[in-house]
Amino acid sequence: MFDGGLTMSFHKVNCPPVVGNLSKIRSQCRIRPNPCFAVQMSSTLVQTDENGDFYESKKISGSSSTGLKSQPQNSLLSQANTVGIIGGVSVLSTLIFLEKLVWWSSRNGEECVPFVVCSEPALDGGRRPVHSSEVNGEHIIIQNLRQKRIFLEKSGARCIVMPCHISNAWHDEISESCSLPFFHIGDCVARELKEAKLKPLDAGSSVRIGVLSTCETIAVAPYQQKLQNQGFEVVLPDKETMEHILIPAVESWNQRDIEGARNLLRIAIQVLLIRAVNVVILASDELQNILPREDPLLKKCMDPMDALARTTIKWAKSAKKVHRKT
């Protein structure tokens with residue numbers, strides 16, 4: 001979290017990162033359950049045709065139930081504050097976002113925000129395409145994600161989110177013709193930073209925001225544009241920092257060189273802080289769990305998924321209140 005009073009807490013997660021095209025090493029996720037927290041879940045298995053229309057539906061259940069009753073086949077959920085979630089490159093990232101959404105929205109005995117998830121882990125991102133074949137591949141990905149959005153709309157979602165750094169690079173294309181609120185993760189981050197009323201560290205300059213990502217182009221774009229639109233100056237690591245510090249930090253983490261990875265990431269963050277940035281955005285799943293939570297440098301860092309979760313919960317609670325009044 002960064003200085004500015006936007007600190008929130010959630011129960012501990014011990015998750016080695018999913019690295020994608022940086023490494024082929026498999027990662028495992030171990031979530032330590034909180035004895036005070038139990039989420040009961042039920043869901044409906046729905047299949048759709050190529051237009052996103054339902055053609056078969058059946059009830060499936062785990063060891064417990066959310067209490068949601070079955071809905072007509074043309075709408076799975078009827079709550080006015082249902083959140084539709086498009087999963088992205090990392091299933092782990094989607095799960096961590098869901099954990100925050102459920103845990104933060106149900107604290108103090110409140111009812112959990114209703115949601116429906118459509119996961120799409122089969123993306124291969126990291127940079128914008130150059131060759132025509134890659135452009136065609138990008139078009140297929142966008143169409144695929146748009147189809148997931150349509151599915152969520154027909155499932156009863158009243159707003160859409162994508163907890164994925166890479167997918168948000170195509171937000172405009174995916175959200176085309178969407179009539180629902182569709183939160184852009186870059187907008188959520190920029191809005192929170194604007195509301196924090198940060199002051200420039202260098203007299204006469206704009207507030208500077210650093211962005212660290214192992215994907216140098218496509219994952220940075222959603223933040224760079226939105227931050228600049230809010231008047232922030234965006235500072236990115238140079239090529240040497242990427243090649244000799246940031247990427248090796250992730251590689252060291254995957255090789256179980258924990259201290260080596262942490263020291264390298266600390267250096268990468270410090271390189272940006274020296275350039276008078278107020279906040280460093282950690283815009284990669286791979287970077288989120290390297291530093292221990294008590295590390296003082298994390299006070300200068302921001303996890304974009306936190307901002308997206310807070311924005312989503314705020315919308316859901318507001319939508320619920322409006323529905324009760326009508």
# chains A, B, ... in the order shown; residues from 1 in each chain; ligands from 1

call {"tool": "select_by_dssp", "arguments": {"residues": "segment 86-297 of chain A", "states": "strand (DSSP E)", "output": "list of chain:residue names"}}
result
A:Ile86, A:Phe115, A:Val116, A:Val117, A:Cys118, A:Cys159, A:Ile160, A:Val161, A:Phe182, A:Phe183, A:Arg208, A:Ile209, A:Gly210, A:Val211, A:Leu212, A:Glu233, A:Val234, A:Val235, A:Val279, A:Val280, A:Ile281, A:Leu282

call {"tool": "closest_atom_pairs", "arguments": {"of": "segment 206-261 of chain A", "to": "segment 166-185 of chain A", "cutoff": "7 Å", "atoms": "only C-alpha atoms", "output": "Markdown table"}}
result
| residue | atom | partner | partner_atom | distance |
| --- | --- | --- | --- | --- |
| A:Ile218 | CA | A:Ile166 | CA | 6.1 |
| A:Ala219 | CA | A:Ile166 | CA | 4.7 |
| A:Ala221 | CA | A:Ala169 | CA | 6.2 |
| A:Pro222 | CA | A:Ala169 | CA | 5.3 |

call {"tool": "atom_distance", "arguments": {"atom1": "atom CA of Val271 of chain A", "atom2": "atom CA of Pro296 of chain A"}}
result
15.5 Å

call {"tool": "residues_around", "arguments": {"residues": "Leu308 of chain A", "least_positions_apart": "5", "cutoff": "9 Å", "atoms": "only C-alpha atoms", "output": "list in words"}}
result
Phe97, Val161, Met162, Pro163, Phe183, His184, Ile185, Gly186, Asp187, Cys188, Val189 and Ile313 of chain A

call {"tool": "write_last_selection", "arguments": {"atoms": "C-alpha atoms", "output": "short mmCIF file (atom, residue, chain, number, x, y, z; two decimals), in the first residue's frame"}}
result
data_model
loop_
_atom_site.label_atom_id
_atom_site.label_comp_id
_atom_site.auth_asym_id
_atom_site.auth_seq_id
_atom_site.Cartn_x
_atom_site.Cartn_y
_atom_site.Cartn_z
CA PHE A 97 -9.05 -10.80 -6.73
CA VAL A 161 -14.49 -6.06 -14.28
CA MET A 162 -11.30 -7.70 -15.59
CA PRO A 163 -8.73 -8.44 -12.84
CA PHE A 183 -14.45 -0.68 -14.78
CA HIS A 184 -10.98 -0.14 -16.23
CA ILE A 185 -8.25 -1.05 -13.76
CA GLY A 186 -6.17 1.96 -14.85
CA ASP A 187 -9.09 4.31 -14.14
CA CYS A 188 -9.51 2.81 -10.67
CA VAL A 189 -5.83 3.34 -9.87
CA ILE A 313 -17.29 -3.11 -3.80
#

call {"tool": "atom_distance", "arguments": {"atom1": "atom CA of His165 of chain A", "atom2": "atom CA of Val250 of chain A"}}
result
16.9 Å

call {"tool": "select_by_dssp", "arguments": {"residues": "segment 231-304 of chain A", "states": "helix (DSSP H, G or I)", "output": "ChimeraX atom specification"}}
result
/A:239-254,258-274,285-287,296-299,304

call {"tool": "residues_around", "arguments": {"residues": "Pro114 of chain A", "least_positions_apart": "5", "cutoff": "7 Å", "atoms": "only C-alpha atoms", "output": "list in words"}}
result
Asn81, Thr82 and Val83 of chain A

call {"tool": "write_last_selection", "arguments": {"atoms": "C-alpha atoms", "output": "PDB file, in the first residue's frame"}}
result
ATOM      1  CA  ASN A  81     -25.474  -5.456  -7.661  1.00  0.00           C
ATOM      2  CA  THR A  82     -24.173  -8.627  -9.317  1.00  0.00           C
ATOM      3  CA  VAL A  83     -20.570  -8.293 -10.488  1.00  0.00           C
TER       4      VAL A  83
END

call {"tool": "residues_around", "arguments": {"residues": "Ile247 of chain A", "least_positions_apart": "6", "cutoff": "12 Å", "atoms": "only C-alpha atoms", "output": "JSON, numbers by chain"}}
result
{"A": [19, 21, 22, 23, 212, 213, 214, 215, 216, 237, 239, 240, 241, 253, 254, 261, 264, 265, 268, 284, 286, 287]}

call {"tool": "closest_residue", "arguments": {"among": "A:Leu152, A:Val102, A:Ala283, A:Met302", "to": "Val116 of chain A", "atoms": "only C-alpha atoms"}}
result
A:Leu152

call {"tool": "closest_residue", "arguments": {"among": "A:Glu251, A:Asp202, A:Glu243, A:Glu192", "to": "Leu227 of chain A", "atoms": "only C-alpha atoms"}}
result
A:Glu192

call {"tool": "closest_residue", "arguments": {"among": "A:Ala316, A:Ile142, A:Val322, A:Ile274", "to": "Gly84 of chain A", "atoms": "only C-alpha atoms"}}
result
A:Ala316

call {"tool": "closest_residue", "arguments": {"among": "A:Leu201, A:Cys112, A:Ile85, A:Leu92", "to": "Glu153 of chain A", "atoms": "only C-alpha atoms"}}
result
A:Ile85

call {"tool": "atom_distance", "arguments": {"atom1": "atom CA of Gly156 of chain A", "atom2": "atom CA of Asn144 of chain A"}}
result
19.2 Å

call {"tool": "closest_residue", "arguments": {"among": "A:Ile269, A:Cys159, A:Ile290, A:Val89", "to": "Val113 of chain A", "atoms": "only C-alpha atoms"}}
result
A:Cys159

call {"tool": "closest_residue", "arguments": {"among": "A:Ile86, A:Val91, A:Glu110, A:Val279", "to": "Leu145 of chain A", "atoms": "only C-alpha atoms"}}
result
A:Ile86

call {"tool": "decode", "arguments": {"residues": "segment 112-199 of chain A", "atoms": "C-alpha atoms", "output": "PDB file, in the first residue's frame"}}
result
ATOM      1  CA  CYS A 112     -20.889 -10.877   0.233  1.00  0.00           C
ATOM      2  CA  VAL A 113     -21.165  -9.121  -3.102  1.00  0.00           C
ATOM      3  CA  PRO A 114     -22.875 -11.489  -5.608  1.00  0.00           C
ATOM      4  CA  PHE A 115     -20.705 -12.320  -8.590  1.00  0.00           C
ATOM      5  CA  VAL A 116     -20.372 -14.560 -11.622  1.00  0.00           C
ATOM      6  CA  VAL A 117     -16.974 -15.470 -13.095  1.00  0.00           C
ATOM      7  CA  CYS A 118     -15.968 -16.429 -16.607  1.00  0.00           C
ATOM      8  CA  SER A 119     -12.298 -17.394 -16.584  1.00  0.00           C
ATOM      9  CA  GLU A 120     -10.111 -17.089 -19.675  1.00  0.00           C
ATOM     10  CA  PRO A 121      -6.577 -18.202 -18.785  1.00  0.00           C
ATOM     11  CA  ALA A 122      -5.549 -19.186 -22.320  1.00  0.00           C
ATOM     12  CA  LEU A 123      -4.055 -15.834 -23.258  1.00  0.00           C
ATOM     13  CA  ASP A 124      -0.457 -15.282 -24.270  1.00  0.00           C
ATOM     14  CA  GLY A 125       0.331 -11.654 -23.626  1.00  0.00           C
ATOM     15  CA  GLY A 126       3.265  -9.440 -22.873  1.00  0.00           C
ATOM     16  CA  ARG A 127       3.606  -7.084 -25.827  1.00  0.00           C
ATOM     17  CA  ARG A 128       1.697  -5.606 -28.687  1.00  0.00           C
ATOM     18  CA  PRO A 129       1.788  -7.694 -31.894  1.00  0.00           C
ATOM     19  CA  VAL A 130       4.058  -6.671 -34.722  1.00  0.00           C
ATOM     20  CA  HIS A 131       3.495  -9.163 -37.545  1.00  0.00           C
ATOM     21  CA  SER A 132       0.173  -9.705 -39.310  1.00  0.00           C
ATOM     22  CA  SER A 133      -0.196 -13.188 -37.859  1.00  0.00           C
ATOM     23  CA  GLU A 134       0.153 -11.734 -34.369  1.00  0.00           C
ATOM     24  CA  VAL A 135      -2.400  -9.032 -35.134  1.00  0.00           C
ATOM     25  CA  ASN A 136      -4.833 -11.739 -36.184  1.00  0.00           C
ATOM     26  CA  GLY A 137      -4.097 -13.574 -32.950  1.00  0.00           C
ATOM     27  CA  GLU A 138      -4.826 -10.428 -30.968  1.00  0.00           C
ATOM     28  CA  HIS A 139      -8.127 -10.052 -32.821  1.00  0.00           C
ATOM     29  CA  ILE A 140      -9.095 -13.597 -31.813  1.00  0.00           C
ATOM     30  CA  ILE A 141      -8.239 -12.865 -28.177  1.00  0.00           C
ATOM     31  CA  ILE A 142     -10.343  -9.694 -28.195  1.00  0.00           C
ATOM     32  CA  GLN A 143     -13.275 -11.519 -29.761  1.00  0.00           C
ATOM     33  CA  ASN A 144     -12.938 -14.263 -27.179  1.00  0.00           C
ATOM     34  CA  LEU A 145     -12.930 -11.797 -24.301  1.00  0.00           C
ATOM     35  CA  ARG A 146     -15.834  -9.865 -25.783  1.00  0.00           C
ATOM     36  CA  GLN A 147     -17.780 -13.109 -25.925  1.00  0.00           C
ATOM     37  CA  LYS A 148     -17.086 -13.669 -22.244  1.00  0.00           C
ATOM     38  CA  ARG A 149     -18.428 -10.175 -21.549  1.00  0.00           C
ATOM     39  CA  ILE A 150     -21.637 -10.943 -23.443  1.00  0.00           C
ATOM     40  CA  PHE A 151     -21.994 -14.196 -21.507  1.00  0.00           C
ATOM     41  CA  LEU A 152     -21.703 -12.313 -18.218  1.00  0.00           C
ATOM     42  CA  GLU A 153     -24.283  -9.755 -19.330  1.00  0.00           C
ATOM     43  CA  LYS A 154     -26.726 -12.557 -20.129  1.00  0.00           C
ATOM     44  CA  SER A 155     -25.905 -14.212 -16.796  1.00  0.00           C
ATOM     45  CA  GLY A 156     -27.347 -11.250 -14.909  1.00  0.00           C
ATOM     46  CA  ALA A 157     -24.220  -9.205 -14.222  1.00  0.00           C
ATOM     47  CA  ARG A 158     -24.854  -5.499 -13.662  1.00  0.00           C
ATOM     48  CA  CYS A 159     -21.233  -4.402 -13.962  1.00  0.00           C
ATOM     49  CA  ILE A 160     -18.088  -5.939 -15.490  1.00  0.00           C
ATOM     50  CA  VAL A 161     -14.486  -6.064 -14.282  1.00  0.00           C
ATOM     51  CA  MET A 162     -11.300  -7.704 -15.590  1.00  0.00           C
ATOM     52  CA  PRO A 163      -8.731  -8.441 -12.844  1.00  0.00           C
ATOM     53  CA  CYS A 164      -5.937  -8.831 -15.395  1.00  0.00           C
ATOM     54  CA  HIS A 165      -3.191  -6.359 -16.262  1.00  0.00           C
ATOM     55  CA  ILE A 166      -2.903  -7.548 -19.857  1.00  0.00           C
ATOM     56  CA  SER A 167      -6.600  -7.863 -20.737  1.00  0.00           C
ATOM     57  CA  ASN A 168      -7.199  -4.237 -19.757  1.00  0.00           C
ATOM     58  CA  ALA A 169      -4.974  -3.164 -22.649  1.00  0.00           C
ATOM     59  CA  TRP A 170      -7.938  -4.142 -24.875  1.00  0.00           C
ATOM     60  CA  HIS A 171     -10.588  -2.640 -22.598  1.00  0.00           C
ATOM     61  CA  ASP A 172     -11.976  -0.284 -25.262  1.00  0.00           C
ATOM     62  CA  GLU A 173     -12.415  -3.069 -27.781  1.00  0.00           C
ATOM     63  CA  ILE A 174     -13.894  -5.540 -25.281  1.00  0.00           C
ATOM     64  CA  SER A 175     -16.322  -2.998 -23.821  1.00  0.00           C
ATOM     65  CA  GLU A 176     -17.592  -1.830 -27.219  1.00  0.00           C
ATOM     66  CA  SER A 177     -21.433  -1.716 -27.220  1.00  0.00           C
ATOM     67  CA  CYS A 178     -21.546  -2.719 -23.548  1.00  0.00           C
ATOM     68  CA  SER A 179     -24.367  -0.920 -21.726  1.00  0.00           C
ATOM     69  CA  LEU A 180     -23.149  -1.854 -18.232  1.00  0.00           C
ATOM     70  CA  PRO A 181     -20.543  -0.125 -16.072  1.00  0.00           C
ATOM     71  CA  PHE A 182     -17.234  -1.692 -17.138  1.00  0.00           C
ATOM     72  CA  PHE A 183     -14.449  -0.685 -14.778  1.00  0.00           C
ATOM     73  CA  HIS A 184     -10.981  -0.136 -16.230  1.00  0.00           C
ATOM     74  CA  ILE A 185      -8.250  -1.046 -13.758  1.00  0.00           C
ATOM     75  CA  GLY A 186      -6.173   1.958 -14.854  1.00  0.00           C
ATOM     76  CA  ASP A 187      -9.086   4.311 -14.140  1.00  0.00           C
ATOM     77  CA  CYS A 188      -9.508   2.814 -10.667  1.00  0.00           C
ATOM     78  CA  VAL A 189      -5.827   3.338  -9.868  1.00  0.00           C
ATOM     79  CA  ALA A 190      -5.682   6.867 -11.291  1.00  0.00           C
ATOM     80  CA  ARG A 191      -8.854   7.882  -9.443  1.00  0.00           C
ATOM     81  CA  GLU A 192      -7.577   6.672  -6.080  1.00  0.00           C
ATOM     82  CA  LEU A 193      -4.250   8.415  -6.579  1.00  0.00           C
ATOM     83  CA  LYS A 194      -6.031  11.621  -7.555  1.00  0.00           C
ATOM     84  CA  GLU A 195      -8.239  11.437  -4.466  1.00  0.00           C
ATOM     85  CA  ALA A 196      -5.144  10.917  -2.287  1.00  0.00           C
ATOM     86  CA  LYS A 197      -4.083  14.503  -3.167  1.00  0.00           C
ATOM     87  CA  LEU A 198      -0.403  13.636  -3.469  1.00  0.00           C
ATOM     88  CA  LYS A 199       2.121  16.466  -3.561  1.00  0.00           C
TER      89      LYS A 199
END
